[in-house]
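J.: Take a look at start_26.tsv, TSV, N, CA and C atoms:
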chain	number	residue	atom	x	y	z
A	1	MET	N	59.18	-47.34	-15.04
A	1	MET	CA	58.30	-48.36	-14.48
A	1	MET	C	58.99	-48.98	-13.26
A	2	ILE	N	58.20	-49.30	-12.26
A	2	ILE	CA	58.69	-49.96	-11.05
A	2	ILE	C	57.88	-51.23	-10.82
A	3	PHE	N	58.57	-52.32	-10.55
A	3	PHE	CA	57.96	-53.60	-10.22
A	3	PHE	C	57.80	-53.63	-8.70
A	4	VAL	N	56.62	-53.96	-8.23
A	4	VAL	CA	56.37	-54.01	-6.78
A	4	VAL	C	56.17	-55.45	-6.35
A	5	ASP	N	56.98	-55.87	-5.38
A	5	ASP	CA	56.93	-57.23	-4.86
A	5	ASP	C	55.77	-57.42	-3.89
A	6	SER	N	55.38	-58.67	-3.69
A	6	SER	CA	54.27	-58.99	-2.78
A	6	SER	C	54.55	-58.51	-1.36
A	7	SER	N	55.82	-58.49	-0.95
A	7	SER	CA	56.14	-58.05	0.41
A	7	SER	C	55.67	-56.62	0.66
A	8	VAL	N	55.73	-55.78	-0.36
A	8	VAL	CA	55.27	-54.39	-0.23
A	8	VAL	C	53.76	-54.32	-0.35
A	9	TRP	N	53.19	-55.06	-1.31
A	9	TRP	CA	51.74	-55.04	-1.47
A	9	TRP	C	51.03	-55.52	-0.20
A	10	ILE	N	51.56	-56.55	0.43
A	10	ILE	CA	50.93	-57.07	1.65
A	10	ILE	C	50.94	-56.00	2.75
A	11	ASP	N	52.08	-55.35	2.94
A	11	ASP	CA	52.13	-54.26	3.91
A	11	ASP	C	51.18	-53.14	3.54
A	12	TYR	N	51.13	-52.82	2.25
A	12	TYR	CA	50.27	-51.74	1.76
A	12	TYR	C	48.80	-52.02	2.05
A	13	PHE	N	48.35	-53.21	1.69
A	13	PHE	CA	46.94	-53.56	1.90
A	13	PHE	C	46.60	-53.74	3.38
A	14	ASN	N	47.61	-54.06	4.20
A	14	ASN	CA	47.38	-54.19	5.64
A	14	ASN	C	47.49	-52.85	6.37
A	15	GLY	N	47.79	-51.79	5.64
A	15	GLY	CA	47.87	-50.46	6.24
A	15	GLY	C	49.15	-50.20	7.01
A	16	ASN	N	50.17	-51.03	6.79
A	16	ASN	CA	51.45	-50.83	7.46
A	16	ASN	C	52.21	-49.69	6.78
A	17	ILE	N	52.66	-48.75	7.56
A	17	ILE	CA	53.40	-47.62	7.01
A	17	ILE	C	54.89	-47.91	7.12
A	18	THR	N	55.52	-48.04	5.96
A	18	THR	CA	56.95	-48.29	5.88
A	18	THR	C	57.53	-47.38	4.80
A	19	GLU	N	58.82	-47.34	4.71
A	19	GLU	CA	59.45	-46.56	3.65
A	19	GLU	C	58.98	-47.05	2.27
A	20	GLU	N	58.83	-48.37	2.15
A	20	GLU	CA	58.41	-48.96	0.88
A	20	GLU	C	56.96	-48.64	0.54
A	21	THR	N	56.07	-48.73	1.54
A	21	THR	CA	54.66	-48.42	1.26
A	21	THR	C	54.47	-46.93	0.99
A	22	ASN	N	55.27	-46.10	1.65
A	22	ASN	CA	55.22	-44.66	1.35
A	22	ASN	C	55.65	-44.40	-0.09
A	23	LYS	N	56.70	-45.10	-0.54
A	23	LYS	CA	57.16	-44.95	-1.92
A	23	LYS	C	56.08	-45.42	-2.88
A	24	LEU	N	55.47	-46.56	-2.60
A	24	LEU	CA	54.40	-47.07	-3.45
A	24	LEU	C	53.26	-46.06	-3.52
A	25	ASP	N	52.86	-45.55	-2.38
A	25	ASP	CA	51.77	-44.58	-2.34
A	25	ASP	C	52.10	-43.34	-3.16
A	26	SER	N	53.37	-42.93	-3.14
A	26	SER	CA	53.77	-41.72	-3.87
A	26	SER	C	53.82	-41.91	-5.39
A	27	ILE	N	54.02	-43.15	-5.84
A	27	ILE	CA	54.13	-43.37	-7.29
A	27	ILE	C	52.83	-43.84	-7.94
A	28	LEU	N	51.91	-44.38	-7.14
A	28	LEU	CA	50.65	-44.84	-7.73
A	28	LEU	C	49.92	-43.67	-8.38
A	29	GLY	N	49.58	-43.83	-9.62
A	29	GLY	CA	48.86	-42.79	-10.36
A	29	GLY	C	49.76	-41.77	-11.02
A	30	SER	N	51.06	-41.78	-10.67
A	30	SER	CA	51.95	-40.81	-11.28
A	30	SER	C	53.10	-41.45	-12.07
A	31	SER	N	53.39	-42.70	-11.80
A	31	SER	CA	54.44	-43.43	-12.50
A	31	SER	C	53.92	-44.82	-12.83
A	32	PRO	N	54.43	-45.42	-13.91
A	32	PRO	CA	53.99	-46.79	-14.23
A	32	PRO	C	54.43	-47.78	-13.15
A	33	VAL	N	53.49	-48.61	-12.72
A	33	VAL	CA	53.75	-49.64	-11.73
A	33	VAL	C	53.36	-50.97	-12.34
A	34	CYS	N	54.24	-51.96	-12.16
A	34	CYS	CA	53.89	-53.28	-12.67
A	34	CYS	C	53.92	-54.29	-11.54
A	35	ILE	N	53.21	-55.36	-11.79
A	35	ILE	CA	53.14	-56.48	-10.85
A	35	ILE	C	53.30	-57.75	-11.68
A	36	GLY	N	54.05	-58.69	-11.15
A	36	GLY	CA	54.21	-59.96	-11.85
A	36	GLY	C	53.01	-60.86	-11.64
A	37	ASP	N	52.78	-61.72	-12.61
A	37	ASP	CA	51.65	-62.64	-12.52
A	37	ASP	C	51.70	-63.48	-11.24
A	38	ILE	N	52.86	-63.97	-10.89
A	38	ILE	CA	52.99	-64.80	-9.69
A	38	ILE	C	52.83	-63.96	-8.42
A	39	VAL	N	53.25	-62.69	-8.47
A	39	VAL	CA	53.06	-61.78	-7.35
A	39	VAL	C	51.57	-61.50	-7.17
A	40	LEU	N	50.89	-61.32	-8.28
A	40	LEU	CA	49.44	-61.11	-8.26
A	40	LEU	C	48.75	-62.27	-7.54
A	41	ALA	N	49.15	-63.48	-7.88
A	41	ALA	CA	48.57	-64.67	-7.23
A	41	ALA	C	48.90	-64.70	-5.74
A	42	GLU	N	50.15	-64.39	-5.39
A	42	GLU	CA	50.56	-64.38	-3.98
A	42	GLU	C	49.75	-63.38	-3.16
A	43	VAL	N	49.59	-62.19	-3.70
A	43	VAL	CA	48.88	-61.14	-2.97
A	43	VAL	C	47.40	-61.47	-2.83
A	44	LEU	N	46.78	-61.84	-3.93
A	44	LEU	CA	45.33	-62.09	-3.89
A	44	LEU	C	44.94	-63.29	-3.02
A	45	GLN	N	45.78	-64.30	-2.97
A	45	GLN	CA	45.43	-65.48	-2.18
A	45	GLN	C	45.40	-65.17	-0.68
A	46	GLY	N	45.99	-64.05	-0.29
A	46	GLY	CA	46.02	-63.70	1.13
A	46	GLY	C	44.76	-63.06	1.66
A	47	PHE	N	43.84	-62.65	0.79
A	47	PHE	CA	42.62	-62.00	1.26
A	47	PHE	C	41.63	-63.03	1.77
A	48	ARG	N	41.11	-62.79	2.96
A	48	ARG	CA	40.21	-63.75	3.59
A	48	ARG	C	38.75	-63.56	3.18
A	49	ASN	N	38.32	-62.30	2.98
A	49	ASN	CA	36.92	-62.13	2.63
A	49	ASN	C	36.76	-61.68	1.17
A	50	ASP	N	35.63	-62.01	0.63
A	50	ASP	CA	35.36	-61.79	-0.80
A	50	ASP	C	35.38	-60.32	-1.18
A	51	LYS	N	34.87	-59.46	-0.33
A	51	LYS	CA	34.82	-58.03	-0.66
A	51	LYS	C	36.23	-57.47	-0.83
A	52	ASP	N	37.12	-57.75	0.13
A	52	ASP	CA	38.50	-57.26	0.03
A	52	ASP	C	39.22	-57.87	-1.16
A	53	PHE	N	38.99	-59.17	-1.38
A	53	PHE	CA	39.58	-59.85	-2.53
A	53	PHE	C	39.17	-59.17	-3.83
A	54	ASN	N	37.88	-58.93	-4.00
A	54	ASN	CA	37.38	-58.33	-5.24
A	54	ASN	C	37.87	-56.90	-5.43
A	55	THR	N	37.93	-56.13	-4.34
A	55	THR	CA	38.45	-54.76	-4.42
A	55	THR	C	39.91	-54.77	-4.84
A	56	ALA	N	40.70	-55.63	-4.21
A	56	ALA	CA	42.13	-55.72	-4.55
A	56	ALA	C	42.32	-56.23	-5.97
A	57	LYS	N	41.54	-57.21	-6.36
A	57	LYS	CA	41.63	-57.77	-7.72
A	57	LYS	C	41.36	-56.68	-8.75
A	58	GLU	N	40.33	-55.89	-8.53
A	58	GLU	CA	40.01	-54.81	-9.47
A	58	GLU	C	41.13	-53.78	-9.52
A	59	PHE	N	41.64	-53.40	-8.37
A	59	PHE	CA	42.72	-52.42	-8.32
A	59	PHE	C	43.99	-52.95	-8.99
A	60	LEU	N	44.42	-54.14	-8.61
A	60	LEU	CA	45.65	-54.70	-9.16
A	60	LEU	C	45.54	-54.97	-10.66
A	61	SER	N	44.34	-55.28	-11.13
A	61	SER	CA	44.13	-55.50	-12.56
A	61	SER	C	44.34	-54.24	-13.39
A	62	SER	N	44.30	-53.09	-12.73
A	62	SER	CA	44.50	-51.82	-13.45
A	62	SER	C	45.99	-51.52	-13.67
A	63	LEU	N	46.85	-52.30	-13.03
A	63	LEU	CA	48.30	-52.11	-13.18
A	63	LEU	C	48.81	-52.87	-14.40
A	64	ILE	N	50.05	-52.64	-14.74
A	64	ILE	CA	50.71	-53.41	-15.79
A	64	ILE	C	51.05	-54.78	-15.18
A	65	ILE	N	50.52	-55.83	-15.77
A	65	ILE	CA	50.78	-57.18	-15.27
A	65	ILE	C	51.73	-57.87	-16.25
A	66	VAL	N	52.85	-58.36	-15.70
A	66	VAL	CA	53.86	-58.99	-16.55
A	66	VAL	C	54.00	-60.46	-16.20
A	67	ASN	N	54.29	-61.26	-17.21
A	67	ASN	CA	54.59	-62.68	-17.02
A	67	ASN	C	56.08	-62.78	-16.73
A	68	VAL	N	56.43	-63.25	-15.55
A	68	VAL	CA	57.82	-63.20	-15.12
A	68	VAL	C	58.67	-64.41	-15.52
A	69	LEU	N	58.05	-65.50	-15.89
A	69	LEU	CA	58.86	-66.70	-16.14
A	69	LEU	C	58.65	-67.26	-17.54
A	70	ASP	N	59.75	-67.37	-18.24
A	70	ASP	CA	59.80	-68.11	-19.50
A	70	ASP	C	61.09	-68.94	-19.43
A	71	THR	N	61.38	-69.67	-20.46
A	71	THR	CA	62.54	-70.56	-20.44
A	71	THR	C	63.84	-69.79	-20.22
A	72	SER	N	63.99	-68.68	-20.90
A	72	SER	CA	65.21	-67.87	-20.75
A	72	SER	C	65.38	-67.39	-19.32
A	73	THR	N	64.30	-66.90	-18.72
A	73	THR	CA	64.38	-66.42	-17.34
A	73	THR	C	64.63	-67.57	-16.37
A	74	ALA	N	64.11	-68.75	-16.68
A	74	ALA	CA	64.36	-69.92	-15.84
A	74	ALA	C	65.85	-70.25	-15.81
A	75	PHE	N	66.49	-70.26	-16.98
A	75	PHE	CA	67.93	-70.53	-17.04
A	75	PHE	C	68.73	-69.44	-16.33
A	76	LYS	N	68.38	-68.19	-16.55
A	76	LYS	CA	69.09	-67.07	-15.92
A	76	LYS	C	68.88	-67.09	-14.41
A	77	SER	N	67.69	-67.45	-13.97
A	77	SER	CA	67.40	-67.52	-12.53
A	77	SER	C	68.25	-68.60	-11.87
A	78	ALA	N	68.33	-69.75	-12.49
A	78	ALA	CA	69.16	-70.82	-11.95
A	78	ALA	C	70.62	-70.38	-11.86
A	79	ASN	N	71.09	-69.68	-12.88
A	79	ASN	CA	72.46	-69.20	-12.88
A	79	ASN	C	72.67	-68.16	-11.78
A	80	ASN	N	71.72	-67.23	-11.62
A	80	ASN	CA	71.86	-66.22	-10.57
A	80	ASN	C	71.86	-66.85	-9.18
A	81	PHE	N	71.02	-67.86	-8.98
A	81	PHE	CA	71.01	-68.57	-7.71
A	81	PHE	C	72.38	-69.19	-7.45
A	82	ARG	N	72.96	-69.80	-8.48
A	82	ARG	CA	74.27	-70.45	-8.36
A	82	ARG	C	75.37	-69.43	-8.09
A	83	ILE	N	75.30	-68.27	-8.74
A	83	ILE	CA	76.29	-67.22	-8.50
A	83	ILE	C	76.26	-66.81	-7.03
A	84	LEU	N	75.07	-66.59	-6.50
A	84	LEU	CA	74.96	-66.18	-5.11
A	84	LEU	C	75.38	-67.31	-4.16
A	85	ARG	N	75.01	-68.53	-4.48
A	85	ARG	CA	75.39	-69.66	-3.63
A	85	ARG	C	76.91	-69.80	-3.55
A	86	LYS	N	77.60	-69.56	-4.67
A	86	LYS	CA	79.07	-69.61	-4.67
A	86	LYS	C	79.67	-68.54	-3.78
A	87	LYS	N	78.91	-67.49	-3.52
A	87	LYS	CA	79.35	-66.42	-2.61
A	87	LYS	C	78.92	-66.71	-1.17
A	88	GLY	N	78.30	-67.88	-0.95
A	88	GLY	CA	77.87	-68.26	0.38
A	88	GLY	C	76.48	-67.75	0.74
A	89	ILE	N	75.73	-67.31	-0.26
A	89	ILE	CA	74.39	-66.76	-0.04
A	89	ILE	C	73.36	-67.73	-0.62
A	90	THR	N	72.43	-68.16	0.20
A	90	THR	CA	71.35	-69.01	-0.27
A	90	THR	C	70.03	-68.26	-0.16
A	91	VAL	N	69.40	-68.03	-1.28
A	91	VAL	CA	68.10	-67.36	-1.31
A	91	VAL	C	67.05	-68.39	-0.93
A	92	ARG	N	66.15	-68.01	-0.02
A	92	ARG	CA	65.19	-68.96	0.55
A	92	ARG	C	64.10	-69.37	-0.42
A	93	LYS	N	63.66	-68.46	-1.30
A	93	LYS	CA	62.50	-68.76	-2.14
A	93	LYS	C	62.83	-68.62	-3.62
A	94	THR	N	62.53	-69.66	-4.36
A	94	THR	CA	62.78	-69.66	-5.81
A	94	THR	C	62.05	-68.51	-6.48
A	95	ILE	N	60.83	-68.19	-6.05
A	95	ILE	CA	60.08	-67.12	-6.69
A	95	ILE	C	60.82	-65.79	-6.57
A	96	ASP	N	61.52	-65.57	-5.46
A	96	ASP	CA	62.29	-64.33	-5.31
A	96	ASP	C	63.45	-64.29	-6.30
A	97	VAL	N	64.06	-65.43	-6.55
A	97	VAL	CA	65.14	-65.50	-7.55
A	97	VAL	C	64.57	-65.15	-8.93
A	98	ILE	N	63.42	-65.68	-9.25
A	98	ILE	CA	62.78	-65.44	-10.55
A	98	ILE	C	62.40	-63.96	-10.69
A	99	ILE	N	61.80	-63.38	-9.66
A	99	ILE	CA	61.40	-61.97	-9.72
A	99	ILE	C	62.62	-61.07	-9.87
A	100	ALA	N	63.64	-61.30	-9.06
A	100	ALA	CA	64.86	-60.49	-9.14
A	100	ALA	C	65.50	-60.62	-10.52
A	101	THR	N	65.58	-61.83	-11.03
A	101	THR	CA	66.18	-62.05	-12.34
A	101	THR	C	65.38	-61.34	-13.43
A	102	TYR	N	64.06	-61.43	-13.36
A	102	TYR	CA	63.23	-60.73	-14.34
A	102	TYR	C	63.52	-59.24	-14.31
A	103	CYS	N	63.57	-58.67	-13.13
A	103	CYS	CA	63.81	-57.22	-13.01
A	103	CYS	C	65.21	-56.84	-13.49
A	104	ILE	N	66.21	-57.62	-13.13
A	104	ILE	CA	67.58	-57.35	-13.59
A	104	ILE	C	67.64	-57.42	-15.11
A	105	ASP	N	67.08	-58.48	-15.65
A	105	ASP	CA	67.13	-58.72	-17.09
A	105	ASP	C	66.40	-57.63	-17.89
A	106	ASN	N	65.34	-57.08	-17.31
A	106	ASN	CA	64.54	-56.07	-18.00
A	106	ASN	C	64.83	-54.65	-17.52
A	107	ASN	N	65.84	-54.51	-16.66
A	107	ASN	CA	66.27	-53.21	-16.15
A	107	ASN	C	65.11	-52.45	-15.49
A	108	ILE	N	64.34	-53.17	-14.67
A	108	ILE	CA	63.20	-52.59	-13.96
A	108	ILE	C	63.53	-52.55	-12.47
A	109	PRO	N	63.47	-51.39	-11.85
A	109	PRO	CA	63.69	-51.33	-10.40
A	109	PRO	C	62.62	-52.13	-9.66
A	110	LEU	N	63.04	-52.78	-8.58
A	110	LEU	CA	62.14	-53.61	-7.78
A	110	LEU	C	61.95	-52.98	-6.40
A	111	LEU	N	60.71	-52.66	-6.08
A	111	LEU	CA	60.36	-52.16	-4.75
A	111	LEU	C	60.02	-53.37	-3.89
A	112	TYR	N	60.80	-53.59	-2.84
A	112	TYR	CA	60.64	-54.78	-2.01
A	112	TYR	C	60.94	-54.46	-0.55
A	113	SER	N	60.47	-55.34	0.32
A	113	SER	CA	60.86	-55.27	1.73
A	113	SER	C	61.30	-56.65	2.23
A	114	ASP	N	61.51	-57.57	1.32
A	114	ASP	CA	61.93	-58.94	1.62
A	114	ASP	C	63.46	-59.00	1.53
A	115	ARG	N	64.10	-59.44	2.60
A	115	ARG	CA	65.57	-59.44	2.65
A	115	ARG	C	66.23	-60.34	1.61
A	116	ASP	N	65.49	-61.27	1.04
A	116	ASP	CA	66.07	-62.15	0.03
A	116	ASP	C	66.51	-61.40	-1.22
A	117	PHE	N	66.01	-60.19	-1.41
A	117	PHE	CA	66.40	-59.43	-2.60
A	117	PHE	C	67.69	-58.64	-2.41
A	118	ILE	N	68.13	-58.47	-1.18
A	118	ILE	CA	69.34	-57.67	-0.92
A	118	ILE	C	70.57	-58.20	-1.65
A	119	PRO	N	70.84	-59.51	-1.65
A	119	PRO	CA	72.01	-59.99	-2.39
A	119	PRO	C	71.96	-59.68	-3.90
A	120	PHE	N	70.76	-59.67	-4.45
A	120	PHE	CA	70.63	-59.35	-5.88
A	120	PHE	C	70.99	-57.89	-6.12
A	121	GLN	N	70.65	-57.05	-5.17
A	121	GLN	CA	71.00	-55.64	-5.26
A	121	GLN	C	72.52	-55.46	-5.08
A	122	GLU	N	73.07	-56.15	-4.11
A	122	GLU	CA	74.49	-55.99	-3.78
A	122	GLU	C	75.43	-56.66	-4.78
A	123	HIS	N	75.01	-57.78	-5.38
A	123	HIS	CA	75.93	-58.55	-6.22
A	123	HIS	C	75.54	-58.66	-7.68
A	124	LEU	N	74.27	-58.42	-8.02
A	124	LEU	CA	73.82	-58.66	-9.39
A	124	LEU	C	73.13	-57.46	-10.03
A	125	ASN	N	73.31	-56.29	-9.43
A	125	ASN	CA	72.84	-55.02	-10.01
A	125	ASN	C	71.32	-54.87	-10.08
A	126	LEU	N	70.60	-55.49	-9.15
A	126	LEU	CA	69.18	-55.22	-9.04
A	126	LEU	C	69.00	-53.78	-8.57
A	127	LYS	N	68.14	-53.04	-9.23
A	127	LYS	CA	67.90	-51.65	-8.86
A	127	LYS	C	66.80	-51.57	-7.81
A	128	ASN	N	67.04	-50.73	-6.80
A	128	ASN	CA	66.07	-50.48	-5.75
A	128	ASN	C	65.59	-49.04	-5.92
A	129	PRO	N	64.30	-48.82	-6.14
A	129	PRO	CA	63.83	-47.45	-6.39
A	129	PRO	C	63.95	-46.53	-5.19
A	130	LEU	N	64.24	-47.07	-4.01
A	130	LEU	CA	64.45	-46.22	-2.84
A	130	LEU	C	65.81	-45.53	-2.88
A	131	ILE	N	66.74	-46.11	-3.63
A	131	ILE	CA	68.07	-45.50	-3.74
A	131	ILE	C	68.46	-45.21	-5.18
A	132	TYR	N	67.63	-45.56	-6.10
A	132	TYR	CA	67.90	-45.41	-7.54
A	132	TYR	C	67.57	-44.03	-7.99
Output the file's structure as C-alpha cells, nothing else.

T.:
Amino acid sequence: MIFVDSSVWIDYFNGNITEETNKLDSILGSSPVCIGDIVLAEVLQGFRNDKDFNTAKEFLSSLIIVNVLDTSTAFKSANNFRILRKKGITVRKTIDVIIATYCIDNNIPLLYSDRDFIPFQEHLNLKNPLIY
C-alpha cells in the first residue's frame, strides 16, 4: 500500500506531469493506494466547480481512506517534530508532521512532492516509493 499526499493529488488533478504523478498513474488500479482523511479534505476543498468536486469525491472515495490522527500519533508527531527541530530542521506544517508520522508508524511508503517530507525520509526512516 502507498499513501499519497495532497501535493501529488493536486498535481495529478491539475494534469501536471511529474515523477510523482507518473508513479501515481502507474499504481492506480494495480496496487493499493490510500489517502488520509485530512488529505482528502485538503484535496477536495481545492475544487472550484461542483462537477469536478463530485468527480474527484467519487474517485477518491474508492480508495482506502485512513484516519491519520489519534492520541498516540499526536504524541509521536510532537516527538518527531522535536527530533527534527533539535537537528535544526523546522517543518512548516503540522499536518505534514502528522502524515509523515502516521506513515512511519505504520510502515507505509509516502508518495509526496512537498519538501517538508524530506527530513522525515532522511532522519526518521520515512519510505519514499520512488526509491523504495

J.: Could you list, as a PDB file with N, CA and C atoms, in the coordinates of the input, every residue within 6 Å of A:Asp116, counting all atoms listed in the file and ignoring same-chain residues fewer than 2 positions away?

T.:
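Writing done, so here's result-v1.pdb:
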ATOM      1  N   VAL A  91      69.400 -68.030  -1.280  1.00  0.00           N
ATOM      2  CA  VAL A  91      68.100 -67.360  -1.310  1.00  0.00           C
ATOM      3  C   VAL A  91      67.050 -68.390  -0.930  1.00  0.00           C
ATOM      4  N   ARG A  92      66.150 -68.010  -0.020  1.00  0.00           N
ATOM      5  CA  ARG A  92      65.190 -68.960   0.550  1.00  0.00           C
ATOM      6  C   ARG A  92      64.100 -69.370  -0.420  1.00  0.00           C
ATOM      7  N   ASP A 114      61.510 -57.570   1.320  1.00  0.00           N
ATOM      8  CA  ASP A 114      61.930 -58.940   1.620  1.00  0.00           C
ATOM      9  C   ASP A 114      63.460 -59.000   1.530  1.00  0.00           C
ATOM     10  N   ILE A 118      68.130 -58.470  -1.180  1.00  0.00           N
ATOM     11  CA  ILE A 118      69.340 -57.670  -0.920  1.00  0.00           C
ATOM     12  C   ILE A 118      70.570 -58.200  -1.650  1.00  0.00           C
ATOM     13  N   PRO A 119      70.840 -59.510  -1.650  1.00  0.00           N
ATOM     14  CA  PRO A 119      72.010 -59.990  -2.390  1.00  0.00           C
ATOM     15  C   PRO A 119      71.960 -59.680  -3.900  1.00  0.00           C
ATOM     16  N   PHE A 120      70.760 -59.670  -4.450  1.00  0.00           N
ATOM     17  CA  PHE A 120      70.630 -59.350  -5.880  1.00  0.00           C
ATOM     18  C   PHE A 120      70.990 -57.890  -6.120  1.00  0.00           C
TER      19      PHE A 120
END

J.: Have a look at A:Ile131, A:Phe3, A:Asp50, A:Thr21 and name the one nearest to A:Thr101; count only C-alpha atoms.

T.: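 When distances to A:Thr101 are compared using only C-alpha atoms, the smallest one comes from A:Phe3.
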
J.: Hey, can you check how far atom C of A:Asn79 sits from atom CA of A:Val8?

T.: 25.0 Å

J.: Distance atom C of A:Thr71-atom CA of A:Asn107, one decimal place?

T.: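 Atom CA of A:Asn107 lies 17.2 Å from atom C of A:Thr71.
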
J.: When DSSP works through the backbone of this structure, what residues of chain A end up as helix (DSSP H, G or I), shown as number ranges by chain?

T.: A: 6-13, 19-27, 37-44, 50-61, 71-86, 94-106, 115-123

J.: For atom CA of A:Lys87 and atom CA of A:Asn125, quote the distance in Å rounded to one decimal.

T.: 15.1 Å

J.: Would you please work out which residue, of A:Ile2, A:Val97, A:Ile38, A:Cys103, is nearest to A:Phe117 when using only C-alpha atoms?

T.: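 Looking only at the distances to A:Phe117, the closest residue turns out to be A:Val97.
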
J.: Considering only C-alpha atoms, state which residue in the set A:Gln45, A:Ser62, A:Thr55, A:Asn14 is at the smallest distance from A:Leu28.

T.: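 Of A:Gln45, A:Ser62, A:Thr55, A:Asn14, the one nearest A:Leu28, counting only C-alpha atoms, is A:Ser62.
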
J.: Hey, what's within 8 Å of A:Asp11 if we count only N, CA and C atoms and toss same-chain stuff fewer than 5 positions away? As a PyMOL selection string, please?

T.: chain A and resi 6+16-18+20-21

J.: Quick one: 3 Å padding each side, axis-aligned, all listed atoms of stretch 62-78 of chain A - centre and edge lengths in Å to one decimal, as JSON?

T.:
{"center_x": 57.5, "center_y": -61.2, "center_z": -16.4, "size_x": 32.3, "size_y": 25.3, "size_z": 15.0}

J.: If you run DSSP over the backbone, which residues in stretch 64-115 of chain A end up strand (DSSP E)? Put them as a compact mmCIF listing (two decimals) with N, CA and C atoms, in the frame of the given file.

T.:
# COMPACT_ATOMS: atom_id res chain seq x y z
N ILE A 64 50.05 -52.64 -14.74
CA ILE A 64 50.71 -53.41 -15.79
C ILE A 64 51.05 -54.78 -15.18
N ILE A 65 50.52 -55.83 -15.77
CA ILE A 65 50.78 -57.18 -15.27
C ILE A 65 51.73 -57.87 -16.25
N VAL A 66 52.85 -58.36 -15.70
CA VAL A 66 53.86 -58.99 -16.55
C VAL A 66 54.00 -60.46 -16.20
N LEU A 110 63.04 -52.78 -8.58
CA LEU A 110 62.14 -53.61 -7.78
C LEU A 110 61.95 -52.98 -6.40
N LEU A 111 60.71 -52.66 -6.08
CA LEU A 111 60.36 -52.16 -4.75
C LEU A 111 60.02 -53.37 -3.89

J.: Please identify all polymer residues within 10 Å of A:Leu69, counting only C-alpha atoms, omitting same-chain residues fewer than 4 positions from it, and present them as a list of chain:residue names.

T.: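 What passes the distance filter is A:Gly36, A:Asp37, A:Ile38, A:Thr73, A:Ala74, A:Phe75, A:Ser77, A:Ile95, A:Ile98, A:Ile99, A:Thr101, A:Tyr102.
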
J.: Between A:Leu124, A:Leu130, A:Leu24, A:Leu40, which has the minimum distance to A:Leu60 (counting only C-alpha atoms)?

T.: A:Leu40
